[in-house]
file query.cif (mmCIF, C-alpha atoms)
data_run
#
loop_
_atom_site.label_atom_id
_atom_site.label_comp_id
_atom_site.auth_asym_id
_atom_site.auth_seq_id
_atom_site.Cartn_x
_atom_site.Cartn_y
_atom_site.Cartn_z
CA MET A 1 -0.08 9.03 5.51
CA THR A 2 -0.46 6.80 8.55
CA ASP A 3 1.87 6.85 11.54
CA LEU A 4 3.11 3.39 10.54
CA HIS A 5 3.88 4.63 7.05
CA ALA A 6 5.81 7.62 8.41
CA ALA A 7 7.70 5.33 10.80
CA ALA A 8 8.70 3.00 7.96
CA ASN A 9 9.99 5.94 5.93
CA GLN A 10 12.00 7.15 8.94
CA GLN A 11 13.38 3.63 9.40
CA LEU A 12 14.49 3.63 5.74
CA ALA A 13 16.31 6.94 6.29
CA ASN A 14 18.00 5.59 9.43
CA LEU A 15 18.89 2.35 7.65
CA GLN A 16 20.69 4.27 4.92
CA ALA A 17 22.67 6.26 7.48
CA ARG A 18 23.71 3.12 9.39
CA ALA A 19 24.66 1.22 6.22
CA GLY A 20 26.51 4.17 4.72
CA LYS A 21 24.78 3.48 1.40
CA THR A 22 21.92 5.11 -0.44
CA LEU A 23 18.64 3.27 -0.75
CA GLU A 24 19.27 2.93 -4.47
CA ASP A 25 22.59 1.15 -3.70
CA LEU A 26 20.90 -1.15 -1.19
CA VAL A 27 18.09 -1.98 -3.63
CA ALA A 28 20.64 -2.68 -6.36
CA LEU A 29 22.52 -4.98 -3.98
CA GLY A 30 19.32 -6.86 -3.22
CA ARG A 31 18.35 -7.21 -6.87
CA ALA A 32 21.88 -8.28 -7.84
CA SER A 33 21.61 -11.17 -5.37
CA GLY A 34 19.07 -12.80 -7.68
CA LEU A 35 16.92 -13.73 -4.69
CA THR A 36 13.17 -13.39 -5.21
CA ARG A 37 11.71 -14.69 -1.95
CA HIS A 38 11.22 -12.29 0.94
CA GLY A 39 12.75 -14.50 3.65
CA GLN A 40 15.80 -15.33 1.56
CA LEU A 41 16.41 -11.68 0.72
CA ARG A 42 15.92 -10.63 4.36
CA ASP A 43 18.44 -13.26 5.51
CA HIS A 44 20.84 -12.13 2.78
CA PHE A 45 20.79 -8.56 4.12
CA LYS A 46 21.27 -9.79 7.67
CA GLN A 47 24.28 -11.91 6.70
CA THR A 48 26.00 -9.65 4.16
CA LEU A 49 25.33 -6.26 5.75
CA GLY A 50 24.98 -7.25 9.39
CA MET A 51 21.52 -5.68 9.60
CA GLY A 52 19.08 -6.40 12.36
CA HIS A 53 15.93 -8.32 11.56
CA GLY A 54 13.66 -5.25 11.39
CA ASP A 55 15.89 -3.30 9.00
CA ALA A 56 16.53 -6.34 6.79
CA ASN A 57 12.81 -7.15 6.74
CA LEU A 58 11.82 -3.63 5.70
CA LEU A 59 14.52 -3.46 3.05
CA ALA A 60 13.52 -6.85 1.60
CA HIS A 61 9.92 -5.66 1.43
CA HIS A 62 11.03 -2.46 -0.30
CA VAL A 63 13.19 -4.32 -2.84
CA LEU A 64 10.44 -6.76 -3.77
CA ASN A 65 7.38 -4.49 -3.71
CA SER A 66 8.30 -0.98 -4.70
CA SER A 67 10.45 1.19 -6.87
CA THR A 68 13.85 2.57 -5.90
CA ASP A 69 12.33 5.76 -4.48
CA THR A 70 13.66 6.88 -1.13
CA THR A 71 10.25 6.46 0.50
CA LEU A 72 7.77 3.64 0.60
CA ASP A 73 4.87 3.78 -1.80
CA ALA A 74 1.68 4.99 -0.15
CA PRO A 75 -0.46 2.15 1.13
CA PRO A 76 -3.67 1.49 -0.78
CA SER A 77 -6.71 3.38 0.42
CA ALA A 78 -9.30 1.45 2.40
CA ASP A 79 -11.75 1.76 -0.50
CA ASP A 80 -9.22 0.37 -3.01
CA ALA A 81 -8.34 -2.48 -0.67
CA LEU A 82 -11.99 -3.37 -0.10
CA ALA A 83 -12.66 -3.31 -3.83
CA ALA A 84 -9.82 -5.81 -4.31
CA ILE A 85 -10.87 -8.03 -1.38
CA TYR A 86 -14.49 -8.20 -2.52
CA ALA A 87 -13.83 -8.51 -6.25
CA GLY A 88 -15.21 -11.21 -8.52
CA PRO A 89 -17.19 -14.01 -6.89
CA LYS A 90 -16.88 -12.40 -3.44
CA ALA A 91 -18.60 -9.18 -4.56
CA ALA A 92 -21.94 -10.34 -3.14
CA LEU A 93 -20.38 -10.33 0.35
CA ARG A 94 -19.56 -6.60 0.33
CA PRO A 95 -22.98 -5.50 1.72
CA ILE A 96 -22.44 -7.86 4.68
CA HIS A 97 -19.01 -6.33 5.27
CA ASP A 98 -20.50 -2.83 5.13
CA ALA A 99 -23.24 -3.79 7.63
CA VAL A 100 -20.65 -5.22 10.04
CA MET A 101 -18.53 -2.07 9.76
CA ALA A 102 -21.60 0.10 10.46
CA LEU A 103 -22.08 -1.81 13.73
CA VAL A 104 -18.37 -1.50 14.61
CA ASP A 105 -18.59 2.27 14.17
CA GLY A 106 -20.70 2.30 17.35
CA PHE A 107 -17.77 0.93 19.39
CA GLY A 108 -15.83 4.20 19.29
CA PRO A 109 -12.78 5.39 17.35
CA TYR A 110 -10.56 2.86 15.59
CA GLU A 111 -8.21 2.62 12.63
CA VAL A 112 -8.83 0.49 9.54
CA ALA A 113 -5.68 -1.27 8.32
CA PRO A 114 -6.42 -3.07 5.04
CA LYS A 115 -4.54 -6.30 4.41
CA LYS A 116 -4.44 -8.46 1.31
CA ALA A 117 -7.44 -10.66 2.18
CA TYR A 118 -9.16 -8.90 5.10
CA VAL A 119 -9.43 -5.63 7.01
CA SER A 120 -7.73 -5.25 10.38
CA LEU A 121 -9.44 -3.05 12.95
CA ARG A 122 -6.98 -1.43 15.37
CA ARG A 123 -6.70 0.86 18.30
CA ARG A 124 -3.26 0.47 19.84
CA LYS A 125 -3.23 -3.04 18.37
CA GLN A 126 -5.60 -5.16 16.36
CA PHE A 127 -8.85 -5.95 18.14
CA ALA A 128 -10.77 -7.49 15.23
CA MET A 129 -10.64 -8.48 11.57
CA VAL A 130 -13.33 -8.69 8.92
CA GLY A 131 -13.03 -10.36 5.55
CA PRO A 132 -14.34 -13.06 3.27
CA ALA A 133 -13.55 -16.56 4.53
CA THR A 134 -14.95 -18.18 1.37
CA LYS A 135 -16.97 -17.07 -1.61
CA THR A 136 -20.12 -17.37 0.52
CA GLN A 137 -19.03 -16.47 4.09
CA VAL A 138 -17.70 -13.38 5.83
CA GLU A 139 -15.35 -14.08 8.73
CA ILE A 140 -15.17 -11.88 11.82
CA GLY A 141 -12.24 -12.46 14.14
CA LEU A 142 -12.06 -10.97 17.63
CA ASN A 143 -8.98 -10.61 19.80
CA HIS A 144 -10.19 -10.92 23.37
CA LYS A 145 -8.21 -13.03 25.80
CA ASP A 146 -10.96 -13.23 28.45
CA LEU A 147 -13.58 -14.92 26.25
CA PRO A 148 -14.13 -18.60 27.01
CA THR A 149 -12.70 -20.95 24.41
CA GLY A 150 -14.80 -23.26 22.30
CA GLY A 151 -18.26 -22.94 20.92
CA ARG A 152 -19.59 -19.92 19.14
CA LEU A 153 -20.39 -16.42 20.37
#
call {"tool": "encode", "arguments": {"input": "query.cif", "output": "structure tokens"}}
result
Amino acid sequence: MTDLHAAANQQLANLQARAGKTLEDLVALGRASGLTRHGQLRDHFKQTLGMGHGDANLLAHHVLNSSTDTTLDAPPSADDALAAIYAGPKAALRPIHDAVMALVDGFGPYEVAPKKAYVSLRRRKQFAMVGPATKTQVEIGLNHKDLPTGGRL
């Protein structure tokens, strides 16, 4: 379990204490609203329960993407996420991704945070991302505020 995952579970426990309701009650309230879009559900919690943005956002995510358990479902493993990202017509790009990651390993310790369409590379915050831009191209994004703008590296 990552630190972010543990923090989200702690936030859910704190949210229940502040609301004076169980998570099951809060999930039922969200589902009873009939709202199916994340932003609408988040705003509903903010307005009806007086929640702050962070609590309402986490609860909306929980209502829409998980069961009524009292903890968040474990995030997908990096291998499962990569298999999904590089599935189908993008499968031929996986060896390029693996080669890029082998080079990144030489930069020192970092955390891999899989997203839906790419992989975020983090230390304290994201410093790079790697993922398929199209069916034939792998995109590498770098967060570095001192690099000159324009052109290519």
call {"tool": "resolve_selection", "arguments": {"input": "query.cif", "expression": "the PyMOL selection byres ((chain A and resi 12) around 8)", "output": "list in words"}}
result
Ala8, Asn9, Gln10, Gln11, Ala13, Asn14, Leu15, Gln16, Leu23, Asp55, Leu58, Leu59, Thr70 and Thr71 of chain A
call {"tool": "write_last_selection", "arguments": {"input": "query.cif", "atoms": "C-alpha atoms", "output": "mmCIF file, in the frame of the given file"}}
result
data_model
loop_
_atom_site.group_PDB
_atom_site.id
_atom_site.type_symbol
_atom_site.label_atom_id
_atom_site.label_comp_id
_atom_site.auth_asym_id
_atom_site.auth_seq_id
_atom_site.Cartn_x
_atom_site.Cartn_y
_atom_site.Cartn_z
ATOM 1 C CA ALA A 8 8.700 3.000 7.960
ATOM 2 C CA ASN A 9 9.990 5.940 5.930
ATOM 3 C CA GLN A 10 12.000 7.150 8.940
ATOM 4 C CA GLN A 11 13.380 3.630 9.400
ATOM 5 C CA ALA A 13 16.310 6.940 6.290
ATOM 6 C CA ASN A 14 18.000 5.590 9.430
ATOM 7 C CA LEU A 15 18.890 2.350 7.650
ATOM 8 C CA GLN A 16 20.690 4.270 4.920
ATOM 9 C CA LEU A 23 18.640 3.270 -0.750
ATOM 10 C CA ASP A 55 15.890 -3.300 9.000
ATOM 11 C CA LEU A 58 11.820 -3.630 5.700
ATOM 12 C CA LEU A 59 14.520 -3.460 3.050
ATOM 13 C CA THR A 70 13.660 6.880 -1.130
ATOM 14 C CA THR A 71 10.250 6.460 0.500
#
call {"tool": "closest_residue", "arguments": {"input": "query.cif", "among": "A:Phe127, A:Gly20, A:Tyr110, A:His62", "to": "Lys145 of chain A", "atoms": "only C-alpha atoms"}}
result
A:Phe127
call {"tool": "residues_around", "arguments": {"input": "query.cif", "residues": "segment 128-137 of chain A", "least_positions_apart": "2", "cutoff": "12 Å", "atoms": "all atoms listed in the file", "output": "PDB file with C-alpha atoms, keeping the file's coordinate frame"}}
result
ATOM      1  CA  ALA A  81      -8.340  -2.480  -0.670  1.00  0.00           C
ATOM      2  CA  LEU A  82     -11.990  -3.370  -0.100  1.00  0.00           C
ATOM      3  CA  ALA A  83     -12.660  -3.310  -3.830  1.00  0.00           C
ATOM      4  CA  ALA A  84      -9.820  -5.810  -4.310  1.00  0.00           C
ATOM      5  CA  ILE A  85     -10.870  -8.030  -1.380  1.00  0.00           C
ATOM      6  CA  TYR A  86     -14.490  -8.200  -2.520  1.00  0.00           C
ATOM      7  CA  ALA A  87     -13.830  -8.510  -6.250  1.00  0.00           C
ATOM      8  CA  GLY A  88     -15.210 -11.210  -8.520  1.00  0.00           C
ATOM      9  CA  PRO A  89     -17.190 -14.010  -6.890  1.00  0.00           C
ATOM     10  CA  LYS A  90     -16.880 -12.400  -3.440  1.00  0.00           C
ATOM     11  CA  ALA A  91     -18.600  -9.180  -4.560  1.00  0.00           C
ATOM     12  CA  ALA A  92     -21.940 -10.340  -3.140  1.00  0.00           C
ATOM     13  CA  LEU A  93     -20.380 -10.330   0.350  1.00  0.00           C
ATOM     14  CA  ARG A  94     -19.560  -6.600   0.330  1.00  0.00           C
ATOM     15  CA  PRO A  95     -22.980  -5.500   1.720  1.00  0.00           C
ATOM     16  CA  ILE A  96     -22.440  -7.860   4.680  1.00  0.00           C
ATOM     17  CA  HIS A  97     -19.010  -6.330   5.270  1.00  0.00           C
ATOM     18  CA  ASP A  98     -20.500  -2.830   5.130  1.00  0.00           C
ATOM     19  CA  ALA A  99     -23.240  -3.790   7.630  1.00  0.00           C
ATOM     20  CA  VAL A 100     -20.650  -5.220  10.040  1.00  0.00           C
ATOM     21  CA  MET A 101     -18.530  -2.070   9.760  1.00  0.00           C
ATOM     22  CA  VAL A 104     -18.370  -1.500  14.610  1.00  0.00           C
ATOM     23  CA  PHE A 107     -17.770   0.930  19.390  1.00  0.00           C
ATOM     24  CA  TYR A 110     -10.560   2.860  15.590  1.00  0.00           C
ATOM     25  CA  GLU A 111      -8.210   2.620  12.630  1.00  0.00           C
ATOM     26  CA  VAL A 112      -8.830   0.490   9.540  1.00  0.00           C
ATOM     27  CA  ALA A 113      -5.680  -1.270   8.320  1.00  0.00           C
ATOM     28  CA  PRO A 114      -6.420  -3.070   5.040  1.00  0.00           C
ATOM     29  CA  LYS A 115      -4.540  -6.300   4.410  1.00  0.00           C
ATOM     30  CA  LYS A 116      -4.440  -8.460   1.310  1.00  0.00           C
ATOM     31  CA  ALA A 117      -7.440 -10.660   2.180  1.00  0.00           C
ATOM     32  CA  TYR A 118      -9.160  -8.900   5.100  1.00  0.00           C
ATOM     33  CA  VAL A 119      -9.430  -5.630   7.010  1.00  0.00           C
ATOM     34  CA  SER A 120      -7.730  -5.250  10.380  1.00  0.00           C
ATOM     35  CA  LEU A 121      -9.440  -3.050  12.950  1.00  0.00           C
ATOM     36  CA  ARG A 122      -6.980  -1.430  15.370  1.00  0.00           C
ATOM     37  CA  ARG A 123      -6.700   0.860  18.300  1.00  0.00           C
ATOM     38  CA  ARG A 124      -3.260   0.470  19.840  1.00  0.00           C
ATOM     39  CA  LYS A 125      -3.230  -3.040  18.370  1.00  0.00           C
ATOM     40  CA  GLN A 126      -5.600  -5.160  16.360  1.00  0.00           C
ATOM     41  CA  GLU A 139     -15.350 -14.080   8.730  1.00  0.00           C
ATOM     42  CA  ILE A 140     -15.170 -11.880  11.820  1.00  0.00           C
ATOM     43  CA  GLY A 141     -12.240 -12.460  14.140  1.00  0.00           C
ATOM     44  CA  LEU A 142     -12.060 -10.970  17.630  1.00  0.00           C
ATOM     45  CA  ASN A 143      -8.980 -10.610  19.800  1.00  0.00           C
ATOM     46  CA  HIS A 144     -10.190 -10.920  23.370  1.00  0.00           C
TER      47      HIS A 144
END
call {"tool": "residues_around", "arguments": {"input": "query.cif", "residues": "Gln40 of chain A", "least_positions_apart": "6", "cutoff": "12 Å", "atoms": "all atoms listed in the file", "output": "list in words"}}
result
Gly30, Arg31, Ser33, Gly34, Lys46, Gln47, Thr48, Ala56, Asn57, Ala60, His61 and Leu64 of chain A
call {"tool": "atom_distance", "arguments": {"input": "query.cif", "atom1": "atom CA of Val27 of chain A", "atom2": "atom CA of His5 of chain A"}}
result
19.0 Å
call {"tool": "atom_distance", "arguments": {"input": "query.cif", "atom1": "atom CA of Asp43 of chain A", "atom2": "atom CA of Leu26 of chain A"}}
result
14.1 Å
call {"tool": "closest_residue", "arguments": {"input": "query.cif", "among": "A:Ala17, A:Met51, A:Val63, A:Leu103", "to": "His38 of chain A", "atoms": "all atoms listed in the file"}}
result
A:Val63
call {"tool": "closest_residue", "arguments": {"input": "query.cif", "among": "A:Thr149, A:Asp105, A:Leu49, A:Ala78", "to": "Lys21 of chain A", "atoms": "all atoms listed in the file"}}
result
A:Leu49
call {"tool": "atom_distance", "arguments": {"input": "query.cif", "atom1": "atom CA of Ala6 of chain A", "atom2": "atom CA of Ala28 of chain A"}}
result
23.3 Å
